[in-house]
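Visitor: structure18.txt is reproduced in full below (compact mmCIF, C-alpha atoms and all ligand atoms).
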# COMPACT_ATOMS: atom_id res chain seq x y z
CA MET O 1 92.07 115.70 89.16
CA GLU O 2 93.30 114.05 86.00
CA GLU O 3 90.61 112.24 83.98
CA LEU O 4 91.40 108.70 82.96
CA ASN O 5 88.70 106.33 81.82
CA TYR O 6 89.70 102.80 80.92
CA ASN O 7 86.11 101.59 80.44
CA ASN O 8 86.05 99.90 77.06
CA PRO O 9 82.91 98.07 75.85
CA SER O 10 84.75 96.92 72.72
CA LEU O 11 86.98 94.48 74.66
CA ILE O 12 84.59 91.62 73.88
CA ILE O 13 85.67 88.62 71.89
CA GLU O 14 83.75 87.24 68.90
CA SER O 15 82.47 83.80 70.02
CA ALA O 16 84.23 82.12 67.10
CA ASN O 17 87.57 83.51 68.31
CA LEU O 18 87.21 82.48 71.94
CA LYS O 19 89.99 80.08 72.85
CA PRO O 20 91.85 79.09 76.01
CA GLY O 21 95.15 80.64 77.00
CA LYS O 22 97.35 81.49 79.96
CA VAL O 23 99.65 84.20 81.25
CA VAL O 24 102.24 84.12 84.02
CA TRP O 25 103.71 87.06 85.92
CA ARG O 26 106.20 87.35 88.76
CA SER O 27 105.70 90.56 90.70
CA PRO O 28 107.55 91.94 93.71
CA SER O 29 106.55 93.49 96.99
CA ASN O 30 107.66 97.03 97.81
CA ILE O 31 108.63 98.92 100.93
CA ALA O 32 107.36 102.47 101.37
CA ILE O 33 109.70 105.24 102.52
CA VAL O 34 106.99 107.92 102.69
CA LYS O 35 103.90 105.97 103.74
CA TYR O 36 100.47 105.79 102.16
CA TRP O 37 98.09 105.77 105.11
CA GLY O 38 94.61 107.16 104.59
CA LYS O 39 92.47 106.87 101.47
CA HIS O 40 89.23 108.20 100.00
CA GLY O 41 86.91 107.59 97.06
CA VAL O 42 87.88 104.62 94.94
CA GLN O 43 91.28 103.77 96.36
CA LEU O 44 92.67 107.29 96.14
CA PRO O 45 95.50 108.21 98.49
CA ARG O 46 95.25 111.07 100.98
CA ASN O 47 98.95 111.78 100.45
CA PRO O 48 101.71 110.88 97.99
CA SER O 49 104.08 108.00 98.80
CA VAL O 50 107.38 106.63 97.51
CA SER O 51 108.79 103.12 97.77
CA PHE O 52 111.66 100.83 96.91
CA THR O 53 110.68 97.94 94.67
CA LEU O 54 111.97 94.71 96.22
CA ALA O 55 113.61 91.76 94.48
CA SER O 56 113.25 88.56 96.44
CA SER O 57 109.81 88.96 98.09
CA ILE O 58 107.68 88.07 95.10
CA THR O 59 104.38 86.50 94.04
CA ASP O 60 104.17 84.19 91.03
CA THR O 61 100.73 84.17 89.41
CA LEU O 62 99.48 82.01 86.59
CA ILE O 63 96.09 82.95 85.11
CA GLU O 64 94.51 80.28 82.90
CA TYR O 65 91.44 81.37 80.97
CA GLN O 66 88.95 79.58 78.81
CA PRO O 67 85.59 80.42 77.29
CA LYS O 68 82.70 79.86 79.70
CA GLU O 69 80.52 76.85 78.88
CA THR O 70 77.39 78.89 79.49
CA PRO O 71 77.51 82.65 79.26
CA SER O 72 76.62 84.53 82.47
CA ASN O 73 77.25 87.83 84.21
CA GLU O 74 79.01 86.13 87.13
CA VAL O 75 82.76 86.00 87.53
CA GLU O 76 83.83 82.34 87.22
CA LEU O 77 87.09 81.83 88.99
CA GLU O 78 88.96 79.27 91.06
CA LEU O 79 92.05 80.23 93.01
CA TYR O 80 94.81 77.96 94.25
CA PHE O 81 97.44 79.29 96.64
CA HIS O 82 100.49 77.03 96.86
CA SER O 83 98.39 74.33 95.17
CA GLU O 84 95.51 74.52 97.65
CA ARG O 85 92.13 76.11 96.99
CA LYS O 86 92.00 79.28 99.06
CA GLU O 87 88.44 80.47 99.46
CA ASP O 88 88.94 83.76 101.30
CA PHE O 89 91.48 84.99 98.74
CA GLU O 90 89.32 83.57 95.93
CA THR O 91 86.34 85.64 97.14
CA LYS O 92 88.52 88.75 97.25
CA VAL O 93 89.85 88.18 93.72
CA LYS O 94 86.33 87.43 92.41
CA LYS O 95 85.17 90.79 93.78
CA TYR O 96 88.20 92.44 92.25
CA PHE O 97 87.52 90.90 88.82
CA ALA O 98 83.83 91.85 89.09
CA SER O 99 84.84 95.46 89.79
CA LEU O 100 86.84 95.49 86.54
CA ILE O 101 84.10 94.30 84.17
CA ASP O 102 83.54 97.77 82.64
CA ILE O 103 87.27 97.96 81.91
CA PHE O 104 87.60 94.33 80.75
CA PRO O 105 84.15 93.11 79.62
CA PHE O 106 85.83 89.90 78.40
CA ILE O 107 86.02 88.84 82.07
CA LYS O 108 82.34 87.85 81.75
CA GLN O 109 83.08 85.60 78.77
CA MET O 110 85.80 83.57 80.47
CA SER O 111 86.25 81.16 83.28
CA PHE O 112 89.55 81.56 85.15
CA VAL O 113 91.84 79.31 87.15
CA ILE O 114 94.47 81.23 89.08
CA ARG O 115 97.50 79.53 90.59
CA THR O 116 99.56 81.74 92.84
CA GLY O 117 102.31 81.51 95.41
CA ASN O 118 104.70 83.71 97.34
CA SER O 119 108.45 83.40 97.79
CA PHE O 120 108.09 84.25 101.48
CA PRO O 121 106.44 81.95 103.99
CA HIS O 122 102.90 82.85 105.01
CA SER O 123 104.03 82.70 108.63
CA ALA O 124 106.38 85.62 107.98
CA GLY O 125 103.34 87.86 108.41
CA ILE O 126 104.59 90.25 105.75
CA ALA O 127 102.13 92.02 103.52
CA SER O 128 101.58 90.16 100.28
CA SER O 129 98.83 92.30 98.79
CA ALA O 130 101.23 94.51 96.79
CA SER O 131 102.93 91.61 95.01
CA ALA O 132 99.72 89.56 94.67
CA MET O 133 97.49 92.33 93.33
CA SER O 134 100.14 93.73 90.99
CA ALA O 135 100.72 90.25 89.52
CA LEU O 136 96.97 89.90 88.87
CA ALA O 137 96.72 93.35 87.30
CA LEU O 138 99.69 92.62 85.03
CA GLY O 139 98.13 89.28 84.09
CA LEU O 140 94.85 90.90 83.08
CA CYS O 141 96.68 93.49 80.96
CA SER O 142 98.61 90.67 79.27
CA ILE O 143 95.35 88.87 78.50
CA GLU O 144 94.03 92.08 76.95
CA ASP O 145 97.25 92.38 74.97
CA GLU O 146 97.09 88.77 73.75
CA LEU O 147 93.44 88.96 72.75
CA PHE O 148 93.19 92.48 71.39
CA GLY O 149 96.71 93.93 71.12
CA GLY O 150 96.53 97.66 71.01
CA PHE O 151 98.87 98.85 73.76
CA GLU O 152 100.75 101.77 72.28
CA ASN O 153 103.97 100.88 74.10
CA ASP O 154 105.35 99.42 77.34
CA ALA O 155 104.70 102.66 79.20
CA ALA O 156 100.99 102.52 78.31
CA PHE O 157 100.89 98.89 79.48
CA ASP O 158 102.60 99.72 82.80
CA LYS O 159 100.35 102.71 83.41
CA LYS O 160 97.20 100.65 82.97
CA ALA O 161 98.61 97.77 85.05
CA SER O 162 99.47 100.22 87.83
CA TYR O 163 96.01 101.82 87.67
CA LEU O 164 94.39 98.38 87.94
CA ALA O 165 96.75 97.24 90.69
CA ARG O 166 95.76 100.34 92.69
CA LEU O 167 92.12 99.26 92.50
CA GLY O 168 93.14 95.91 94.06
CA SER O 169 95.38 97.35 96.77
CA GLY O 170 96.72 100.89 96.89
CA SER O 171 100.37 100.07 97.53
CA ALA O 172 100.30 97.46 94.70
CA CYS O 173 100.36 100.24 92.10
CA ARG O 174 103.96 100.99 93.17
CA SER O 175 105.13 97.39 92.49
CA ILE O 176 105.00 97.72 88.70
CA PHE O 177 108.27 99.64 88.28
CA PRO O 178 111.98 98.96 88.79
CA THR O 179 114.02 100.51 91.63
CA MET O 180 111.62 103.10 93.08
CA SER O 181 108.09 104.29 92.48
CA VAL O 182 105.93 107.27 93.42
CA TRP O 183 102.17 107.14 93.80
CA GLY O 184 100.08 110.25 94.45
CA LYS O 185 100.15 113.71 92.95
CA THR O 186 103.08 115.74 94.22
CA SER O 187 104.64 118.90 92.80
CA HIS O 188 108.03 117.30 93.51
CA VAL O 189 107.68 114.62 90.83
CA GLU O 190 106.55 115.44 87.32
CA GLY O 191 103.92 113.10 85.94
CA SER O 192 102.87 111.82 89.38
CA SER O 193 99.21 110.95 89.82
CA ASP O 194 96.71 109.76 92.41
CA LEU O 195 95.43 107.25 89.84
CA TYR O 196 98.59 105.19 89.24
CA GLY O 197 102.20 104.85 90.26
CA ILE O 198 105.13 105.95 88.14
CA GLY O 199 108.70 104.67 88.02
CA ILE O 200 111.34 107.12 89.24
CA GLY O 201 114.36 104.85 88.74
CA ASP O 202 116.00 107.38 86.43
CA MET O 203 116.15 110.03 89.15
CA VAL O 204 117.53 107.73 91.85
CA HIS O 205 121.15 108.46 92.84
CA GLU O 206 123.64 105.57 92.63
CA ASN O 207 123.86 105.56 96.45
CA PHE O 208 120.38 104.04 96.65
CA LYS O 209 120.34 101.69 93.68
CA ASP O 210 121.94 98.77 95.51
CA PHE O 211 120.10 99.20 98.81
CA HIS O 212 119.34 96.16 100.91
CA ASP O 213 116.20 95.54 102.91
CA ASP O 214 116.63 92.87 105.58
CA ILE O 215 113.11 92.10 106.77
CA LEU O 216 113.36 91.08 110.41
CA ILE O 217 110.43 88.86 111.33
CA VAL O 218 109.53 89.89 114.86
CA SER O 219 106.14 88.20 114.75
CA GLY O 220 104.52 85.89 112.23
CA GLU O 221 101.00 86.49 113.49
CA GLU O 222 98.25 87.66 111.18
CA LYS O 223 97.84 91.42 111.24
CA SER O 224 95.64 92.56 114.15
CA VAL O 225 94.15 95.25 111.92
CA SER O 226 93.83 94.92 108.13
CA SER O 227 95.20 97.78 106.04
CA THR O 228 91.70 98.64 104.85
CA ALA O 229 90.52 98.98 108.46
CA GLY O 230 93.72 100.87 109.28
CA HIS O 231 93.18 103.40 106.49
CA ALA O 232 89.57 103.84 107.65
CA LEU O 233 90.76 104.73 111.16
CA MET O 234 92.44 107.81 109.72
CA GLU O 235 89.01 109.28 108.94
CA GLY O 236 88.26 109.88 112.63
CA ASN O 237 91.81 110.68 113.64
CA PRO O 238 92.27 114.25 114.94
CA PHE O 239 95.86 114.21 113.68
CA ALA O 240 94.96 113.11 110.16
CA GLU O 241 95.37 116.48 108.41
CA PRO O 242 98.72 117.30 110.05
CA ARG O 243 99.87 113.77 109.16
CA TYR O 244 98.93 114.19 105.48
CA ASN O 245 100.76 117.53 105.44
CA GLN O 246 103.80 115.95 107.04
CA ALA O 247 103.83 113.26 104.34
CA ARG O 248 103.51 115.89 101.58
CA THR O 249 106.44 117.86 103.02
CA ASN O 250 108.46 114.69 103.54
CA MET O 251 107.97 113.78 99.88
CA GLY O 252 109.74 116.98 98.87
CA LYS O 253 112.62 116.37 101.26
CA VAL O 254 113.08 112.69 100.47
CA ILE O 255 112.83 113.09 96.69
CA ALA O 256 115.56 115.76 96.87
CA ALA O 257 117.68 113.38 99.01
CA ILE O 258 117.08 110.47 96.62
CA LYS O 259 118.27 112.61 93.69
CA ALA O 260 121.28 114.01 95.54
CA GLY O 261 122.39 110.74 97.16
CA ASP O 262 121.90 112.30 100.60
CA LEU O 263 121.78 109.22 102.82
CA GLU O 264 121.41 111.10 106.07
CA THR O 265 118.29 113.07 105.10
CA PHE O 266 116.86 109.95 103.48
CA GLY O 267 117.38 108.03 106.72
CA LYS O 268 115.91 110.72 108.94
CA ILE O 269 112.71 110.93 106.86
CA THR O 270 112.47 107.15 106.52
CA GLU O 271 112.45 106.64 110.29
CA GLU O 272 110.17 109.62 110.95
CA GLU O 273 107.64 108.23 108.47
CA ALA O 274 107.62 104.77 110.07
CA LEU O 275 107.19 106.14 113.58
CA SER O 276 104.54 108.60 112.43
CA LEU O 277 102.53 105.78 110.83
CA HIS O 278 102.65 103.88 114.12
CA ALA O 279 101.78 107.04 116.07
CA MET O 280 98.63 107.35 113.94
CA MET O 281 97.68 103.80 114.86
CA MET O 282 98.38 104.45 118.53
CA ASN O 283 95.97 107.40 118.34
CA SER O 284 93.35 104.86 117.34
CA ASN O 285 94.30 102.58 120.26
CA TYR O 286 96.34 100.07 118.27
CA LEU O 287 99.82 99.12 119.32
CA LEU O 288 101.35 97.21 116.41
CA MET O 289 104.97 97.06 117.52
CA ARG O 290 106.11 94.26 119.79
CA PRO O 291 108.76 94.62 122.51
CA ASN O 292 111.35 93.16 120.14
CA SER O 293 110.46 95.75 117.47
CA LEU O 294 111.51 98.46 119.94
CA LYS O 295 114.62 96.55 121.00
CA ILE O 296 115.69 96.26 117.37
CA ILE O 297 115.04 99.98 116.72
CA GLU O 298 117.22 100.90 119.71
CA LEU O 299 119.99 98.53 118.65
CA VAL O 300 119.95 99.92 115.09
CA ARG O 301 120.24 103.50 116.36
CA GLU O 302 123.05 102.52 118.74
CA TYR O 303 124.90 100.67 115.98
CA ARG O 304 124.55 103.70 113.71
CA ARG O 305 125.91 106.04 116.39
CA GLU O 306 128.88 103.76 117.00
CA THR O 307 129.78 102.94 113.40
CA ASN O 308 128.44 105.98 111.53
CA HIS O 309 127.05 103.53 108.98
CA PRO O 310 124.01 104.67 106.97
CA ILE O 311 121.62 102.00 108.24
CA TYR O 312 117.98 102.88 108.85
CA PHE O 313 114.78 101.14 109.89
CA THR O 314 111.24 101.32 108.64
CA LEU O 315 108.05 99.39 109.39
CA ASP O 316 104.75 98.79 107.65
CA ALA O 317 101.54 98.52 109.66
CA GLY O 318 102.90 95.62 111.72
CA PRO O 319 105.72 94.64 114.08
CA ASN O 320 108.39 93.56 111.58
CA ILE O 321 111.41 95.77 110.99
CA HIS O 322 112.83 96.54 107.56
CA LEU O 323 116.53 97.36 107.77
CA LEU O 324 117.69 99.57 104.90
CA TYR O 325 121.37 100.04 104.04
CA PRO O 326 123.68 100.19 101.00
CA GLU O 327 125.51 97.19 99.60
CA ASN O 328 129.01 98.40 100.52
CA ILE O 329 128.44 97.89 104.26
CA MET O 330 126.61 94.59 103.89
CA PRO O 331 129.37 92.26 105.19
CA GLU O 332 129.62 94.23 108.43
CA VAL O 333 125.88 94.76 108.81
CA ARG O 334 125.20 91.05 108.40
CA VAL O 335 127.48 90.28 111.36
CA PHE O 336 125.46 92.80 113.42
CA VAL O 337 122.18 91.31 112.20
CA ASP O 338 123.25 87.72 112.83
CA GLU O 339 124.68 88.41 116.27
CA GLN O 340 122.29 91.00 117.69
CA LEU O 341 119.07 91.27 115.71
CA ALA O 342 118.26 87.77 114.42
CA PRO O 343 118.01 86.43 118.01
CA LEU O 344 115.12 88.88 118.51
CA CYS O 345 113.26 87.41 115.50
CA VAL O 346 110.94 84.41 115.32
CA ASP O 347 113.24 81.39 114.91
CA ASN O 348 116.09 83.82 114.13
CA TYR O 349 114.36 84.44 110.82
CA PHE O 350 114.92 87.37 108.51
CA ILE O 351 114.48 87.77 104.76
CA GLY O 352 117.46 89.30 102.99
CA ASP O 353 115.90 91.40 100.25
CA TRP O 354 117.23 94.21 98.04
CA VAL O 355 116.17 96.77 95.47
CA GLY O 356 114.76 95.02 92.42
CA GLU O 357 114.12 95.35 88.73
CA GLY O 358 110.32 95.15 88.88
CA PRO O 359 107.88 92.53 87.59
CA GLU O 360 108.68 89.99 84.88
CA GLN O 361 106.43 88.11 82.53
CA GLN O 362 107.42 84.44 82.66
C1 LIG O 401 101.50 100.79 105.73
O1 LIG O 401 98.10 99.11 100.11
O2 LIG O 401 97.85 97.40 101.93
O3 LIG O 401 102.11 99.47 103.85
O4 LIG O 401 94.88 100.03 99.66
O5 LIG O 401 93.69 99.07 101.62
O6 LIG O 401 95.01 97.57 100.10
P1 LIG O 401 94.86 98.96 100.70
O7 LIG O 401 96.11 99.19 101.64
P2 LIG O 401 97.63 98.79 101.46
O8 LIG O 401 98.29 99.81 102.52
C2 LIG O 401 99.66 99.80 102.71
C3 LIG O 401 100.04 100.72 103.77
C4 LIG O 401 101.49 100.68 104.22
C5 LIG O 401 102.25 101.87 103.66
C6 LIG O 401 102.59 101.83 102.21
O9 LIG O 401 102.87 100.76 101.65
O10 LIG O 401 102.67 102.94 101.64
Would you encode the structure as structure tokens?
Guide:
Amino acid sequence: MEELNYNNPSLIIESANLKPGKVVWRSPSNIAIVKYWGKHGVQLPRNPSVSFTLASSITDTLIEYQPKETPSNEVELELYFHSERKEDFETKVKKYFASLIDIFPFIKQMSFVIRTGNSFPHSAGIASSASAMSALALGLCSIEDELFGGFENDAAFDKKASYLARLGSGSACRSIFPTMSVWGKTSHVEGSSDLYGIGIGDMVHENFKDFHDDILIVSGEEKSVSSTAGHALMEGNPFAEPRYNQARTNMGKVIAAIKAGDLETFGKITEEEALSLHAMMMNSNYLLMRPNSLKIIELVREYRRETNHPIYFTLDAGPNIHLLYPENIMPEVRVFVDEQLAPLCVDNYFIGDWVGEGPEQQ
């Protein structure tokens, strides 16, 4: 595997130059087409994955830093989520910062206050780790940039941010880039790596660039199994190897479809991937779909048969349905969603999202 060592003992600030500062990033969530499910080592994927970067499901993160009053080896950090101290997330972020001390030794010199919030309601039950962890990783790279400079160019910045985001949450490394991103070494995409995501926007056919993702909230409950626990279940799963091979093959097929603008192949792989992910969970005795997830899937397939519209579903490791379709059929699809699918959602709620331009420094 590729060697990449970001450990850098020289990222320490002279005491006389220590001064407070802040950085703000807005980073999006993403929706995987070929799914990352199964990991090993330090957050390394068992198979390559590809995702759409979203636009409206975002996390805003402000990191304020100031020199510690008394030097210590501990991470000093307070975290506020929508203005309220959030201890469980704070503990997670503290651990994350502590794990990065060899890369950013200046973390030990600072005390941090992090203020973060999501555009989507917590009750939507949608995964926020990709947007949250990518925003933090980008923030830390910006602090490095402000204090030490030295990034060769934007690509070097994005690569490091993606590498760091991966260490926080695997799928977060795909949130750094506009339009679409690939994470995990695959012969089908040059420059792909298990260590970081890369942007593939330049190879995406026009047919996919204005895709919508209506996220249908079937249940707002907390996930019954965390992604970390879910990935771990793959280790004892007798179907794990065939699943990883299926994902590797699907990468080839879907990348070709994404380049060619082949909606039909794209849709077939997208749905196969979602159902295969859920089949893996079922093998471990978890049933993550709800009755309304299945009802929606059947209605989507029926609507597609009747209209011939390129509209496809996918799911993450939960019950909510992501409805993917191009902009040109949106007016018609929204009537279908409003009339037939929204009534199957919690309080008729769905989030209208679409393919986005990637993170922004504020
Ligand atoms: C089903 O990235 O949340 O959404 O690396 O343990 O943080 P960790 O897992 P996470 O897993 C996401 C899995 C998925 C598929 C995907 O996004 O590729």
Visitor: Residues at most 6 Å from ligand LIG 401 (chain O), using all atoms listed in the file? Could they come as a list in words?
Guide: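 Going residue by residue within 6 Å of ligand LIG 401 (chain O), we get Ala32, Lys35, Tyr36, Trp37, Ser49, Ser169, Gly170, Ser171, Ser227, Thr228, Asp316 and Ala317 of chain O.
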Visitor: Hey, can I get the axis-aligned box for segment 289-303 of chain O? All listed atoms, 5 Å padding on each side, centre and edge lengths in Å to one decimal, as AutoDock Vina command-line options.
Guide:
--center_x 114.9 --center_y 98.3 --center_z 118.8 --size_x 29.9 --size_y 20.3 --size_z 17.4
Visitor: For the point (87.2, 102.8, 80.2) in file coordinates, what residues are within 9 Å, counting all atoms listed in the file? Give the answer as number ranges by chain?
Guide: O: 4-9, 102-104
Visitor: Please, could you write that set of residues out with C-alpha atoms as a compact mmCIF listing (two decimals), in the frame of the given file?
Guide:
# COMPACT_ATOMS: atom_id res chain seq x y z
CA LEU O 4 91.40 108.70 82.96
CA ASN O 5 88.70 106.33 81.82
CA TYR O 6 89.70 102.80 80.92
CA ASN O 7 86.11 101.59 80.44
CA ASN O 8 86.05 99.90 77.06
CA PRO O 9 82.91 98.07 75.85
CA ASP O 102 83.54 97.77 82.64
CA ILE O 103 87.27 97.96 81.91
CA PHE O 104 87.60 94.33 80.75
Visitor: What is the atom CA of Leu54 of chain O to atom CA of Met251 of chain O distance in Å?
Guide: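 For atom CA of Leu54 of chain O relative to atom CA of Met251 of chain O, the distance reads 19.8 Å.
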Visitor: Name all residues at most 6 Å from segment 208-212 of chain O (count all atoms listed in the file; drop same-chain ones fewer than 2 positions away) and give them as a PyMOL selection string.
Guide: chain O and resi 205-206+324-327+353-355
Visitor: In the coordinates of the file, take the point (99.2, 106.7, 96.9) and a cut-off of 8 Å; then, counting only C-alpha atoms, name each qualifying protein, DNA or RNA residue as a PyMOL selection string.
Guide: chain O and resi 36+44-49+170-171+182-184+194+196-197
Visitor: Using only C-alpha atoms, please write the residues we just selected to a file, as a compact mmCIF listing (two decimals), in the frame of the given file.
Guide:
# COMPACT_ATOMS: atom_id res chain seq x y z
CA TYR O 36 100.47 105.79 102.16
CA LEU O 44 92.67 107.29 96.14
CA PRO O 45 95.50 108.21 98.49
CA ARG O 46 95.25 111.07 100.98
CA ASN O 47 98.95 111.78 100.45
CA PRO O 48 101.71 110.88 97.99
CA SER O 49 104.08 108.00 98.80
CA GLY O 170 96.72 100.89 96.89
CA SER O 171 100.37 100.07 97.53
CA VAL O 182 105.93 107.27 93.42
CA TRP O 183 102.17 107.14 93.80
CA GLY O 184 100.08 110.25 94.45
CA ASP O 194 96.71 109.76 92.41
CA TYR O 196 98.59 105.19 89.24
CA GLY O 197 102.20 104.85 90.26
Visitor: Give me the residues of segment 288-325 of chain O that have any atom at most 12 Å from an atom of segment 330-340 of chain O; for each, the nearest atom pair and the distance in Å, rounded to one decimal. Use only C-alpha atoms, sort by chain and number, and format it as CSV.
Guide:
residue,atom,partner,partner_atom,distance
O:Asn292,CA,O:Gln340,CA,11.4
O:Lys295,CA,O:Gln340,CA,10.0
O:Ile296,CA,O:Gln340,CA,8.4
O:Ile297,CA,O:Gln340,CA,11.6
O:Glu298,CA,O:Gln340,CA,11.3
O:Leu299,CA,O:Gln340,CA,7.9
O:Val300,CA,O:Phe336,CA,9.2
O:Glu302,CA,O:Phe336,CA,11.3
O:Tyr303,CA,O:Phe336,CA,8.3
O:Arg304,CA,O:Val333,CA,10.3
O:Thr307,CA,O:Glu332,CA,10.0
O:Asn308,CA,O:Val333,CA,11.8
O:His309,CA,O:Val333,CA,8.8
O:Pro310,CA,O:Val333,CA,10.3
O:Ile311,CA,O:Val333,CA,8.4
O:Tyr312,CA,O:Val333,CA,11.3
O:Ile321,CA,O:Val337,CA,11.7
O:His322,CA,O:Val337,CA,11.7
O:Leu323,CA,O:Val337,CA,9.4
O:Leu324,CA,O:Met330,CA,10.3
O:Tyr325,CA,O:Met330,CA,7.6
Visitor: Rounded to one decimal, what separation in Å do you get between atom CA of Gly261 of chain O and atom CA of Met280 of chain O?
Guide: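 Computing it gives 29.3 Å between the two atoms.
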Visitor: Which residues, written as number ranges by chain, have at least one atom at most 12 Å from Thr53 of chain O, with only C-alpha atoms counted and residues fewer than 3 positions away on the same chain left out?
Guide: O: 27-33, 50, 56-58, 130-131, 134, 171-182, 197-201, 208-213, 353-359
Visitor: What gap, in Å, lies between atom CA of Glu146 of chain O and atom CA of Gln109 of chain O?
Guide: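 So the two atoms, atom CA of Glu146 of chain O and atom CA of Gln109 of chain O, lie 15.2 Å apart.
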Visitor: Which residue, O:Ile217, O:Ile114, O:Val254, O:Ile329, has the smallest gap to Ala135 of chain O when you use all atoms listed in the file?
Guide: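 Checking each candidate against Ala135 of chain O, we get O:Ile114 as the closest.
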Visitor: Point out the residue among O:Pro291, O:Leu100, O:Gly318, O:Gly117 with the least atom-to-atom distance to Arg166 of chain O, counting only C-alpha atoms.
Guide: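 So, comparing all the options, the nearest one is O:Leu100.
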Visitor: Can you tell me, as a list in words, what residues are no more than 8 Å from Glu74 of chain O when counting all atoms listed in the file, ignoring any on the same chain fewer than 2 positions away?
Guide: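 My reading of the contact set: Ser72, Glu76, Ala98 and Lys108 of chain O.
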Visitor: Calculated over only C-alpha atoms, which of the candidates O:Ile126, O:Val225, O:Leu18, O:Leu315 has the smallest distance to Thr270 of chain O?
Guide: O:Leu315
Visitor: Fewer than 6 positions away in the same chain doesn't count, so skip those; otherwise give me all residues within 8 Å of Asn320 of chain O, counting only C-alpha atoms, as a list in words.
Guide: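 The contact residues come out as Ile126, Ile215, Leu216, Ile217, Val218, Ser219, Met289 and Ser293 of chain O.
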Visitor: Will you model N, CA and C atoms for segment 67-84 of chain O and pass it back as a short mmCIF file (atom, residue, chain, number, x, y, z; two decimals), in the frame of the given file?
Guide:
data_model
loop_
_atom_site.label_atom_id
_atom_site.label_comp_id
_atom_site.auth_asym_id
_atom_site.auth_seq_id
_atom_site.Cartn_x
_atom_site.Cartn_y
_atom_site.Cartn_z
N PRO O 67 86.96 79.94 77.47
CA PRO O 67 85.59 80.42 77.29
C PRO O 67 84.64 79.72 78.24
N LYS O 68 83.69 80.46 78.81
CA LYS O 68 82.70 79.86 79.70
C LYS O 68 81.85 78.87 78.92
N GLU O 69 81.40 77.79 79.59
CA GLU O 69 80.52 76.85 78.88
C GLU O 69 79.16 77.49 78.64
N THR O 70 78.64 78.14 79.70
CA THR O 70 77.39 78.89 79.49
C THR O 70 77.62 80.35 79.87
N PRO O 71 77.27 81.24 78.97
CA PRO O 71 77.51 82.65 79.26
C PRO O 71 76.72 83.11 80.50
N SER O 72 77.31 83.98 81.29
CA SER O 72 76.62 84.53 82.47
C SER O 72 77.28 85.85 82.84
N ASN O 73 76.65 86.57 83.77
CA ASN O 73 77.25 87.83 84.21
C ASN O 73 78.18 87.64 85.41
N GLU O 74 78.19 86.40 85.95
CA GLU O 74 79.01 86.13 87.13
C GLU O 74 80.47 86.00 86.75
N VAL O 75 81.34 86.29 87.73
CA VAL O 75 82.76 86.00 87.53
C VAL O 75 82.97 84.52 87.89
N GLU O 76 83.53 83.77 86.96
CA GLU O 76 83.83 82.34 87.22
C GLU O 76 85.31 82.20 87.45
N LEU O 77 85.67 81.81 88.66
CA LEU O 77 87.09 81.83 88.99
C LEU O 77 87.40 80.86 90.13
N GLU O 78 88.46 80.10 89.96
CA GLU O 78 88.96 79.27 91.06
C GLU O 78 90.36 79.72 91.37
N LEU O 79 90.70 79.76 92.66
CA LEU O 79 92.05 80.23 93.01
C LEU O 79 92.77 79.22 93.89
N TYR O 80 93.96 78.88 93.49
CA TYR O 80 94.81 77.96 94.25
C TYR O 80 96.04 78.72 94.74
N PHE O 81 96.28 78.63 96.05
CA PHE O 81 97.44 79.29 96.64
C PHE O 81 98.38 78.19 97.13
N HIS O 82 99.57 78.14 96.59
CA HIS O 82 100.49 77.03 96.86
C HIS O 82 99.76 75.69 96.71
N SER O 83 99.08 75.56 95.58
CA SER O 83 98.39 74.33 95.17
C SER O 83 97.09 74.01 95.93
N GLU O 84 96.75 74.82 96.93
CA GLU O 84 95.51 74.52 97.65
C GLU O 84 94.46 75.59 97.38
#
